file start-v3.txt (compact mmCIF, C-alpha atoms and all ligand atoms)
# COMPACT_ATOMS: atom_id res chain seq x y z
CA MET K 1 26.53 3.83 -44.29
CA MET K 2 24.78 4.37 -41.00
CA VAL K 3 21.84 6.74 -41.02
CA LYS K 4 21.46 8.91 -37.99
CA ARG K 5 17.83 9.27 -36.94
CA SER K 6 18.56 11.17 -33.73
CA LEU K 7 16.45 9.28 -31.26
CA GLY K 8 17.92 11.45 -28.55
CA ILE K 9 16.21 14.49 -30.03
CA TRP K 10 12.82 12.80 -29.79
CA GLY K 11 13.43 12.03 -26.18
CA ILE K 12 14.40 15.60 -25.40
CA ALA K 13 11.56 16.97 -27.52
CA ALA K 14 9.07 14.81 -25.67
CA ALA K 15 10.36 16.12 -22.37
CA LEU K 16 10.40 19.76 -23.50
CA VAL K 17 7.24 20.08 -25.60
CA GLY K 18 4.99 18.69 -22.95
CA VAL K 19 6.03 16.52 -20.11
CA PHE K 20 3.18 14.17 -20.80
CA ALA K 21 4.02 13.52 -24.43
CA ILE K 22 5.00 10.05 -25.40
CA ALA K 23 7.89 9.84 -27.85
CA PRO K 24 6.66 8.90 -31.31
CA ALA K 25 7.64 5.63 -32.89
CA VAL K 26 10.89 6.06 -34.77
CA ALA K 27 12.56 3.44 -36.89
CA THR K 28 15.91 3.98 -35.28
CA VAL K 29 19.29 3.46 -36.67
CA ASN K 30 21.90 5.14 -34.53
CA GLU K 31 25.58 5.67 -35.21
CA LYS K 32 26.30 4.03 -31.89
CA THR K 33 26.08 0.28 -31.51
CA PRO K 34 23.34 -0.88 -29.14
CA SER K 35 25.86 -1.67 -26.44
CA GLU K 36 27.25 1.88 -26.65
CA GLN K 37 23.82 3.38 -26.12
CA THR K 38 22.14 4.15 -22.80
CA LEU K 39 19.15 2.49 -21.20
CA ARG K 40 17.40 5.79 -21.65
CA SER K 41 17.88 6.06 -25.42
CA LEU K 42 17.24 2.39 -26.09
CA ALA K 43 13.98 2.50 -24.13
CA LEU K 44 12.72 5.56 -25.98
CA ARG K 45 12.79 3.54 -29.22
CA HIS K 46 9.62 2.01 -27.75
CA GLY K 47 8.32 5.24 -26.22
CA LEU K 48 9.18 3.70 -22.86
CA TYR K 49 10.57 5.83 -20.04
CA LEU K 50 13.35 4.14 -18.09
CA GLY K 51 13.79 5.39 -14.54
CA THR K 52 15.33 5.10 -11.14
CA ALA K 53 14.61 6.14 -7.58
CA VAL K 54 17.07 8.83 -6.49
CA ASP K 55 18.69 9.10 -3.08
CA LEU K 56 18.95 12.87 -2.99
CA SER K 57 21.68 13.03 -0.36
CA ALA K 58 23.87 10.79 -2.52
CA ALA K 59 23.10 12.90 -5.60
CA LYS K 60 24.28 16.02 -3.77
CA LYS K 61 27.67 14.58 -2.78
CA THR K 62 30.32 16.32 -4.87
CA ASP K 63 32.93 13.69 -4.07
CA GLU K 64 30.80 11.01 -5.72
CA PRO K 65 30.09 12.29 -9.24
CA ARG K 66 29.35 8.85 -10.76
CA TYR K 67 26.06 8.60 -8.90
CA SER K 68 24.68 11.74 -10.54
CA GLN K 69 26.31 11.08 -13.89
CA ILE K 70 24.60 7.72 -14.19
CA ILE K 71 21.25 9.23 -13.23
CA ALA K 72 21.57 11.93 -15.87
CA SER K 73 22.80 9.68 -18.65
CA GLN K 74 20.91 6.40 -18.21
CA PHE K 75 17.44 7.50 -17.08
CA SER K 76 14.57 9.48 -18.58
CA THR K 77 12.34 9.49 -15.47
CA ILE K 78 13.16 9.72 -11.78
CA THR K 79 11.37 9.16 -8.48
CA ALA K 80 12.34 10.62 -5.11
CA GLU K 81 13.30 7.70 -2.88
CA ASN K 82 12.30 9.51 0.32
CA VAL K 83 12.12 13.29 0.07
CA MET K 84 8.49 13.48 -1.06
CA LYS K 85 7.21 11.28 1.74
CA TRP K 86 5.04 12.89 4.40
CA ASP K 87 7.59 12.75 7.25
CA ALA K 88 10.08 14.57 5.01
CA LEU K 89 7.60 17.24 3.86
CA GLU K 90 5.83 18.06 7.12
CA PRO K 91 7.94 16.92 10.08
CA GLU K 92 6.14 19.38 12.33
CA ARG K 93 2.44 19.95 11.94
CA GLY K 94 1.81 22.86 9.56
CA LYS K 95 5.52 23.49 8.91
CA TYR K 96 6.47 22.32 5.46
CA THR K 97 10.07 21.62 4.54
CA TRP K 98 10.14 21.76 0.76
CA ALA K 99 13.88 22.26 0.15
CA ALA K 100 14.81 18.66 -0.62
CA ALA K 101 11.73 17.92 -2.74
CA ASP K 102 12.25 21.17 -4.66
CA ALA K 103 15.92 20.26 -5.24
CA PHE K 104 14.79 16.87 -6.55
CA MET K 105 12.38 18.58 -9.00
CA SER K 106 15.20 20.84 -10.22
CA LEU K 107 17.43 17.83 -10.76
CA ALA K 108 14.76 16.26 -12.98
CA ALA K 109 14.32 19.49 -14.93
CA ASP K 110 18.09 19.85 -15.44
CA ASN K 111 18.26 16.30 -16.77
CA HIS K 112 15.09 16.64 -18.94
CA GLN K 113 13.47 13.81 -17.02
CA LEU K 114 9.84 13.10 -16.27
CA VAL K 115 8.91 12.72 -12.60
CA ARG K 116 6.97 9.98 -10.85
CA GLY K 117 5.67 11.58 -7.65
CA HIS K 118 6.02 9.23 -4.69
CA VAL K 119 3.99 9.10 -2.44
CA LEU K 120 0.80 10.76 -1.18
CA VAL K 121 -0.94 8.14 0.99
CA TRP K 122 1.07 5.38 2.66
CA HIS K 123 1.19 3.90 6.15
CA ASN K 124 4.99 4.19 6.43
CA GLN K 125 7.16 7.25 6.90
CA LEU K 126 4.35 9.29 8.40
CA PRO K 127 5.32 12.15 10.73
CA CYS K 128 5.21 11.38 14.48
CA TRP K 129 2.80 14.21 15.24
CA LEU K 130 0.26 12.45 13.02
CA THR K 131 0.63 8.87 14.21
CA GLU K 132 0.93 9.89 17.87
CA GLY K 133 -2.01 12.26 17.61
CA VAL K 134 -4.16 9.46 16.26
CA ALA K 135 -2.87 6.95 18.84
CA THR K 136 -3.58 9.26 21.78
CA GLY K 137 -6.95 10.35 20.41
CA THR K 138 -6.04 14.04 20.10
CA ILE K 139 -6.69 13.72 16.37
CA THR K 140 -10.25 12.55 15.71
CA ARG K 141 -11.49 10.65 12.67
CA ASP K 142 -13.03 13.74 11.05
CA GLU K 143 -9.90 15.73 11.68
CA LEU K 144 -7.73 12.95 10.24
CA ARG K 145 -9.73 13.00 7.03
CA GLU K 146 -9.27 16.77 6.77
CA ILE K 147 -5.54 16.41 7.48
CA LEU K 148 -5.22 13.88 4.66
CA LYS K 149 -7.16 16.11 2.27
CA LYS K 150 -4.95 19.08 3.12
CA HIS K 151 -1.78 17.04 2.68
CA ILE K 152 -2.77 15.75 -0.76
CA THR K 153 -4.04 19.14 -1.91
CA THR K 154 -0.97 21.04 -0.70
CA VAL K 155 1.62 18.68 -2.13
CA VAL K 156 -0.09 18.06 -5.46
CA LYS K 157 -0.74 21.78 -6.01
CA ARG K 158 2.84 22.71 -5.27
CA TYR K 159 4.11 20.52 -8.13
CA ARG K 160 1.05 20.83 -10.37
CA GLY K 161 1.91 20.41 -14.06
CA ARG K 162 5.36 19.03 -13.28
CA ILE K 163 4.49 15.50 -12.16
CA TRP K 164 3.90 12.91 -14.86
CA GLN K 165 2.58 10.12 -12.61
CA TRP K 166 1.62 10.37 -8.93
CA ASP K 167 1.59 7.35 -6.63
CA VAL K 168 -1.58 8.47 -4.88
CA VAL K 169 -2.19 5.40 -2.73
CA ASN K 170 0.57 2.93 -1.91
CA GLU K 171 0.28 -0.59 -0.45
CA ALA K 172 -3.30 -0.39 0.83
CA VAL K 173 -3.79 -4.13 0.64
CA SER K 174 -2.48 -7.04 2.68
CA ASP K 175 -0.29 -9.83 1.46
CA SER K 176 -1.15 -13.52 1.59
CA ARG K 177 1.58 -13.83 4.26
CA ASP K 178 0.06 -11.19 6.53
CA ASP K 179 -2.86 -13.18 7.96
CA ALA K 180 -3.05 -16.80 9.00
CA ASP K 181 -5.92 -17.52 6.58
CA GLY K 182 -4.01 -15.96 3.66
CA VAL K 183 -7.06 -13.92 2.64
CA ILE K 184 -6.34 -10.50 1.11
CA ARG K 185 -7.87 -7.48 2.84
CA TYR K 186 -7.54 -3.74 3.11
CA LYS K 187 -4.98 -3.07 5.78
CA GLN K 188 -3.00 -0.62 7.84
CA PHE K 189 -3.24 2.86 9.28
CA TRP K 190 -5.48 4.64 6.80
CA TYR K 191 -7.97 1.81 6.44
CA GLN K 192 -8.12 1.27 10.20
CA HIS K 193 -8.84 4.91 10.91
CA LEU K 194 -10.83 6.06 7.87
CA GLY K 195 -12.30 2.92 6.30
CA GLU K 196 -11.84 2.02 2.66
CA GLU K 197 -13.48 5.24 1.37
CA TYR K 198 -10.19 7.06 1.92
CA ILE K 199 -8.91 5.48 -1.30
CA ALA K 200 -11.58 7.05 -3.53
CA ASP K 201 -11.28 10.32 -1.60
CA ALA K 202 -7.51 10.44 -2.11
CA PHE K 203 -7.81 10.05 -5.88
CA ARG K 204 -10.55 12.68 -6.09
CA TRP K 205 -8.56 15.18 -4.02
CA ALA K 206 -5.43 14.55 -6.10
CA ARG K 207 -7.39 15.09 -9.33
CA ALA K 208 -8.85 18.34 -8.05
CA ALA K 209 -5.34 19.58 -7.33
CA ASP K 210 -3.81 18.56 -10.68
CA PRO K 211 -6.03 17.80 -13.67
CA LYS K 212 -3.17 16.43 -15.79
CA ALA K 213 -1.07 14.12 -13.65
CA LEU K 214 -1.65 10.40 -14.15
CA LEU K 215 -2.91 9.06 -10.82
CA PHE K 216 -1.62 5.63 -9.80
CA TYR K 217 -2.39 2.94 -7.28
CA ASN K 218 0.97 1.31 -6.42
CA ASP K 219 1.67 -2.04 -4.73
CA TYR K 220 4.03 -5.02 -4.44
CA ASN K 221 3.43 -8.72 -5.15
CA ILE K 222 1.05 -7.95 -7.98
CA GLU K 223 3.39 -8.99 -10.79
CA ALA K 224 1.27 -12.01 -11.69
CA PHE K 225 -2.25 -13.35 -11.11
CA GLY K 226 -2.68 -16.36 -8.85
CA ASP K 227 -5.70 -18.64 -8.72
CA GLY K 228 -8.22 -15.80 -8.68
CA SER K 229 -9.39 -16.74 -5.19
CA ALA K 230 -9.72 -14.53 -2.12
CA LYS K 231 -6.03 -15.18 -1.50
CA ASP K 232 -4.94 -13.68 -4.83
CA LYS K 233 -3.61 -10.17 -4.20
CA THR K 234 -3.30 -9.31 -7.89
CA GLN K 235 -6.96 -10.25 -8.37
CA PHE K 236 -7.92 -8.14 -5.34
CA VAL K 237 -6.18 -5.07 -6.77
CA HIS K 238 -7.71 -5.70 -10.22
CA THR K 239 -11.20 -5.84 -8.70
CA MET K 240 -10.55 -2.80 -6.52
CA VAL K 241 -9.44 -0.66 -9.46
CA LYS K 242 -12.30 -1.91 -11.61
CA ASN K 243 -14.81 -0.90 -8.94
CA LEU K 244 -13.19 2.50 -8.45
CA ARG K 245 -13.34 3.22 -12.19
CA VAL K 246 -16.99 2.12 -12.36
CA LYS K 247 -17.75 4.62 -9.59
CA GLY K 248 -16.01 7.35 -11.62
CA VAL K 249 -13.03 7.64 -9.30
CA PRO K 250 -10.17 9.21 -11.29
CA ILE K 251 -7.59 6.46 -11.23
CA ASP K 252 -5.34 6.31 -14.29
CA GLY K 253 -2.77 3.68 -13.55
CA ILE K 254 -1.60 0.66 -11.62
CA GLY K 255 2.01 0.56 -10.52
CA SER K 256 3.54 -2.85 -9.98
CA GLN K 257 6.53 -2.36 -7.71
CA GLY K 258 8.52 -5.38 -8.84
CA HIS K 259 10.63 -6.15 -5.76
CA LEU K 260 11.95 -9.62 -6.56
CA SER K 261 14.49 -11.98 -5.04
CA THR K 262 16.42 -14.75 -6.73
CA ARG K 263 15.51 -16.77 -3.63
CA TYR K 264 12.05 -17.31 -5.09
CA GLY K 265 10.87 -18.78 -8.37
CA ASN K 266 9.38 -15.45 -9.37
CA TYR K 267 7.71 -14.99 -12.72
CA ASP K 268 8.37 -15.18 -16.42
CA ALA K 269 8.02 -12.34 -18.91
CA PHE K 270 4.77 -13.71 -20.37
CA GLN K 271 3.04 -13.81 -16.99
CA ILE K 272 4.07 -10.25 -16.32
CA ALA K 273 2.97 -8.99 -19.75
CA GLU K 274 -0.35 -10.78 -19.39
CA THR K 275 -0.92 -9.30 -15.94
CA LEU K 276 -0.15 -5.79 -17.17
CA ASP K 277 -2.50 -6.34 -20.13
CA ARG K 278 -5.29 -7.47 -17.82
CA PHE K 279 -4.82 -4.33 -15.74
CA ALA K 280 -4.77 -2.26 -18.94
CA SER K 281 -8.07 -3.78 -20.04
CA LEU K 282 -9.66 -1.84 -17.14
CA GLY K 283 -8.78 1.33 -19.04
CA VAL K 284 -5.71 2.23 -17.00
CA ALA K 285 -2.04 2.59 -17.83
CA THR K 286 0.55 0.54 -15.97
CA ALA K 287 4.15 0.92 -14.88
CA ILE K 288 6.85 -1.08 -13.20
CA THR K 289 7.65 1.34 -10.42
CA GLU K 290 10.26 -0.07 -8.03
CA ALA K 291 12.11 -2.88 -9.79
CA ASP K 292 14.92 -4.59 -7.94
CA VAL K 293 16.19 -8.15 -7.64
CA ARG K 294 18.03 -9.09 -4.47
CA SER K 295 19.84 -12.37 -3.74
CA PRO K 296 20.80 -14.38 -0.69
CA ILE K 297 24.37 -13.55 0.26
CA THR K 298 25.87 -17.02 0.63
CA GLU K 299 29.27 -17.82 2.07
CA GLY K 300 30.50 -18.43 -1.46
CA VAL K 301 29.31 -15.01 -2.60
CA LYS K 302 31.02 -13.43 0.39
CA GLN K 303 34.25 -15.14 -0.60
CA GLY K 304 33.79 -14.20 -4.25
CA LEU K 305 33.68 -17.82 -5.48
CA SER K 306 32.75 -17.79 -9.16
CA ASP K 307 30.34 -20.74 -8.81
CA ASP K 308 28.19 -18.72 -6.47
CA VAL K 309 28.76 -15.27 -7.91
CA ASN K 310 27.98 -16.29 -11.50
CA ALA K 311 24.85 -18.15 -10.51
CA MET K 312 23.72 -15.10 -8.59
CA VAL K 313 24.37 -12.44 -11.22
CA HIS K 314 22.75 -14.48 -13.99
CA ALA K 315 19.69 -15.31 -11.91
CA GLN K 316 19.42 -11.63 -11.10
CA ALA K 317 19.74 -10.61 -14.76
CA ALA K 318 17.04 -13.11 -15.74
CA ASN K 319 14.63 -11.60 -13.24
CA TYR K 320 15.27 -8.02 -14.32
CA SER K 321 14.75 -9.20 -17.90
CA ALA K 322 11.46 -10.86 -17.06
CA LEU K 323 10.16 -7.61 -15.56
CA LEU K 324 11.42 -5.46 -18.41
CA ARG K 325 10.24 -7.77 -21.19
CA GLY K 326 6.89 -8.07 -19.46
CA CYS K 327 6.58 -4.29 -19.53
CA LEU K 328 7.77 -4.07 -23.14
CA GLY K 329 5.21 -6.69 -24.11
CA SER K 330 2.28 -4.65 -22.78
CA ARG K 331 1.71 -1.43 -24.69
CA LYS K 332 0.11 0.42 -21.79
CA CYS K 333 3.22 -0.07 -19.63
CA LEU K 334 4.54 3.49 -19.81
CA SER K 335 7.59 3.41 -17.59
CA PHE K 336 10.03 1.03 -15.99
CA THR K 337 11.64 2.39 -12.82
CA LEU K 338 14.40 0.79 -10.77
CA TRP K 339 14.28 1.31 -7.02
CA GLY K 340 17.92 2.41 -7.00
CA PHE K 341 20.58 1.31 -9.47
CA ASP K 342 23.77 0.66 -7.50
CA ASP K 343 24.63 -1.69 -4.63
CA LYS K 344 26.24 1.05 -2.56
CA HIS K 345 23.10 3.11 -2.05
CA HIS K 346 20.52 0.38 -2.51
CA TRP K 347 17.79 0.30 0.15
CA THR K 348 17.93 -3.49 0.46
CA THR K 349 21.59 -3.21 1.44
CA ILE K 350 20.39 -1.86 4.73
CA THR K 351 16.95 -3.48 4.99
CA ASP K 352 16.39 -7.13 5.84
CA LEU K 353 13.51 -8.21 3.65
CA GLY K 354 14.22 -11.86 4.22
CA ARG K 355 11.70 -12.10 7.07
CA GLY K 356 14.29 -13.75 9.25
CA ARG K 357 15.71 -15.90 6.48
CA GLY K 358 19.12 -14.28 6.43
CA ALA K 359 20.78 -11.49 4.58
CA GLU K 360 19.91 -10.82 0.99
CA SER K 361 20.99 -8.09 -1.33
CA MET K 362 23.35 -6.99 -4.14
CA ALA K 363 20.11 -5.94 -5.80
CA GLY K 364 21.43 -3.17 -8.05
CA ILE K 365 22.25 -3.36 -11.74
CA TYR K 366 25.59 -1.70 -10.91
CA ASP K 367 27.88 -2.94 -8.15
CA ALA K 368 29.04 -0.78 -5.24
CA GLY K 369 31.86 0.60 -7.40
CA TYR K 370 29.44 1.56 -10.23
CA ARG K 371 30.53 -1.30 -12.47
CA PRO K 372 27.59 -2.49 -14.59
CA LYS K 373 26.50 -6.07 -13.89
CA GLN K 374 24.96 -8.71 -16.16
CA ALA K 375 21.54 -7.26 -15.37
CA PHE K 376 22.47 -3.94 -16.93
CA THR K 377 23.66 -5.57 -20.15
CA ALA K 378 20.65 -7.88 -20.24
CA MET K 379 18.28 -4.93 -19.94
CA LYS K 380 20.02 -3.08 -22.74
CA ALA K 381 19.81 -6.17 -24.95
CA ASP K 382 16.10 -6.54 -24.15
CA LEU K 383 15.52 -2.94 -25.24
CA ALA K 384 17.75 -3.13 -28.30
CA PHE K 385 16.82 -6.51 -29.73
CA SER K 386 13.07 -6.06 -29.64
CA GLY K 387 10.45 -4.43 -31.79
CA ALA K 388 7.39 -5.15 -33.92
CA PRO K 389 5.28 -7.18 -33.97
CA TYR K 390 5.42 -8.12 -30.28
CA VAL K 391 7.01 -4.98 -28.88
CA GLN K 392 5.44 -1.78 -30.12
CA ASN K 393 5.35 1.85 -29.19
CA ARG K 394 3.59 2.70 -25.93
CA LEU K 395 -0.08 3.73 -26.03
CA PRO K 396 -0.66 7.07 -24.32
CA GLN K 397 -2.99 7.41 -21.32
CA LYS K 398 -5.39 10.31 -20.86
CA PRO K 399 -6.02 11.43 -17.29
CA MET K 400 -9.57 10.56 -16.23
CA PRO K 401 -11.47 13.77 -15.45
C1 LIG K 501 12.05 2.74 0.95
C2 LIG K 501 13.31 3.56 0.74
O1 LIG K 501 14.01 3.04 -0.35
C3 LIG K 501 14.17 3.53 1.99
O2 LIG K 501 15.27 4.41 1.85
C4 LIG K 501 13.33 3.92 3.20
O3 LIG K 501 14.12 3.79 4.37
C5 LIG K 501 12.10 3.06 3.31
O4 LIG K 501 11.35 3.15 2.10
N1 LIG K 501 8.02 0.41 -1.20
C6 LIG K 501 7.89 1.75 -1.42
C7 LIG K 501 9.05 2.66 -1.20
O5 LIG K 501 6.85 2.20 -1.92
O6 LIG K 501 8.67 3.95 -0.79
C8 LIG K 501 10.04 2.07 -0.22
O7 LIG K 501 11.19 2.91 -0.17
C9 LIG K 501 10.39 0.65 -0.62
C10 LIG K 501 9.17 -0.23 -0.61

call {"tool": "encode", "arguments": {"input": "start-v3.txt", "output": "C-alpha cells"}}
result
Amino acid sequence: MMVKRSLGIWGIAAALVGVFAIAPAVATVNEKTPSEQTLRSLALRHGLYLGTAVDLSAAKKTDEPRYSQIIASQFSTITAENVMKWDALEPERGKYTWAAADAFMSLAADNHQLVRGHVLVWHNQLPCWLTEGVATGTITRDELREILKKHITTVVKRYRGRIWQWDVVNEAVSDSRDDADGVIRYKQFWYQHLGEEYIADAFRWARAADPKALLFYNDYNIEAFGDGSAKDKTQFVHTMVKNLRVKGVPIDGIGSQGHLSTRYGNYDAFQIAETLDRFASLGVATAITEADVRSPITEGVKQGLSDDVNAMVHAQAANYSALLRGCLGSRKCLSFTLWGFDDKHHWTTITDLGRGRGAESMAGIYDAGYRPKQAFTAMKADLAFSGAPYVQNRLPQKPMP
C-alpha cells in the first residue's frame, strides 16, 4: 500500500507560514508516480524551490490558458521577466507605474509562490530620462548616486516582506570576451559613472529598506571556475563577494544565471556543484537564477530531421540536468529558476545571442505548443531519483544584518 505523506502540504505550509521558510525534509512517498508529479512537488522533496521567469503580458492573455496553468502547477517561485526593471517602473522621472509589478506580485500570492525580485541595479533597461540625463551632463555624479538610492529604497520598500530574494546588482563584471586582453574588470554604466563603491552602497540601501529579503549578486558565465587567473570571471566574482562580506556589506547570495548553449562544451554537474559550494563557503546562499539551454537551429532542425532534432533535444536535456544536479548537489543552492519555460515566449527566440554565429534557440523545456521536451522529463527524473547521501535538504540562509 502506498502511504501518502502529503508533500504538497509542506510546500503550501512553507509558503503560507512565512515566505522565507524552507520546507522541512520529508521522506516522501506519494500516491502519484514520479512522472505524474510536478517539478514543483518533486523539488520540494529537497527543500528546493523550482521557478520560472514570467512574461506578464502572456500570463494575462485569456486565450492562452496553458501558459498560466503551467506556471501555477509546475513552479514554486517566480521572477518577473521585465516588469520590475527600472524602465518599466519609472518611465518618466518621478512617475512610478506599479500596475504590472503589482499584478505580478498578486499572481505569485495566488499561486502560493515565493518571489525572486529582479532587478534593482543593472545597466540594461534603464529609463531614457536617466541615461540621457547622464549623457548630456544634466544629471551629475552626486545626483546620480541619490537617484540610485531613491530607486532602490522606493522599490524595495514597496514590496518589503514579500520578496524572498532580490537581485540587487546584476552583471557588474565583464566577460573574458569583452576586452582584447581577456582580463575581467568592473564594467558598464554604473561603474563608469559611480565607481565600484556603488555595489556596496546598493546592498546597504536594499538592506535598510527590507531587513529580511535575501540580497543577491547575479551574473552569467560563473557556472564554473577557470584557471583562477585575472581572466577567470567566476574567480573575480568570488573575490568580490568575499571582500564585500569582509567589509560587512550585507550580501546574502550569489545567483548564477545559467544561460547555456548546446553549441559549447559547457559544464558537468560536478563542476557546477563544486562552484556553488565554493561560493557557499563564503557564507552566502546560491541559486541558479536564469537557466536556459539554446541550440543552433540547423537546416536539419528546420526540416524536422530526426538525426538533428534528437541530437539537439538530448544535448539540451543533458545541459539542463547538469545545472539542476549541480544545484541539488550543493546544499546552499536554494532555488533553480528557468528564464522562461516554453519556446513560444522564450527571450532567446527573439534575441540573437550567437554573436554573429547564426540563429540559436528552442531553449525552453516545453515546445511552442506547450509539449514537454526531453529536458522537462530529465529534470523531473533528476529531482525524483535523488536523495541522501549526496542530495540533501537545503540549508537555510539568514539575511546578513
Ligand atoms: C531579458 C528578458 O528576458 C527580455 O524579455 C528583455 O527584452 C531583455 O532582458 N539577463 C538578465 C535578464 O538578467 O534580465 C535578461 O532578461 C536576460 C539576461

call {"tool": "closest_residue", "arguments": {"input": "start-v3.txt", "among": "K:Ser41, K:Gln74, K:Gln192, K:Thr154", "to": "Arg141 (chain K)", "atoms": "all atoms listed in the file"}}
result
K:Gln192

call {"tool": "residues_near_ligand", "arguments": {"input": "start-v3.txt", "ligand": "ligand LIG 501 (chain K)", "cutoff": "7 Å", "atoms": "all atoms listed in the file", "output": "PyMOL selection string"}}
result
chain K and resi 81-82+170+339+347

call {"tool": "residues_around", "arguments": {"input": "start-v3.txt", "residues": "region 231-234 of chain K", "least_positions_apart": "4", "cutoff": "7 Å", "atoms": "all atoms listed in the file", "output": "PyMOL selection string"}}
result
chain K and resi 175-176+182-184+222+224-227+238

call {"tool": "atom_distance", "arguments": {"input": "start-v3.txt", "atom1": "CA of Ile152 (chain K)", "atom2": "CA of Phe236 (chain K)"}}
result
24.9 Å

call {"tool": "closest_residue", "arguments": {"input": "start-v3.txt", "among": "K:Met240, K:Thr136, K:Tyr67, K:Ser76", "to": "Asp343 (chain K)", "atoms": "all atoms listed in the file"}}
result
K:Tyr67

call {"tool": "residues_near_point", "arguments": {"input": "start-v3.txt", "point": "(-11.6, 12.7, 11.0)", "cutoff": "12 Å", "atoms": "all atoms listed in the file", "output": "ChimeraX atom specification"}}
result
/K:133-134,137-149,190,192-195,198

call {"tool": "residues_near_point", "arguments": {"input": "start-v3.txt", "point": "(7.0, 11.0, -14.4)", "cutoff": "12 Å", "atoms": "all atoms listed in the file", "output": "PyMOL selection string"}}
result
chain K and resi 15+18-22+48-53+75-80+105+108-109+112-118+159+161-167+212-216+287+289+334-337
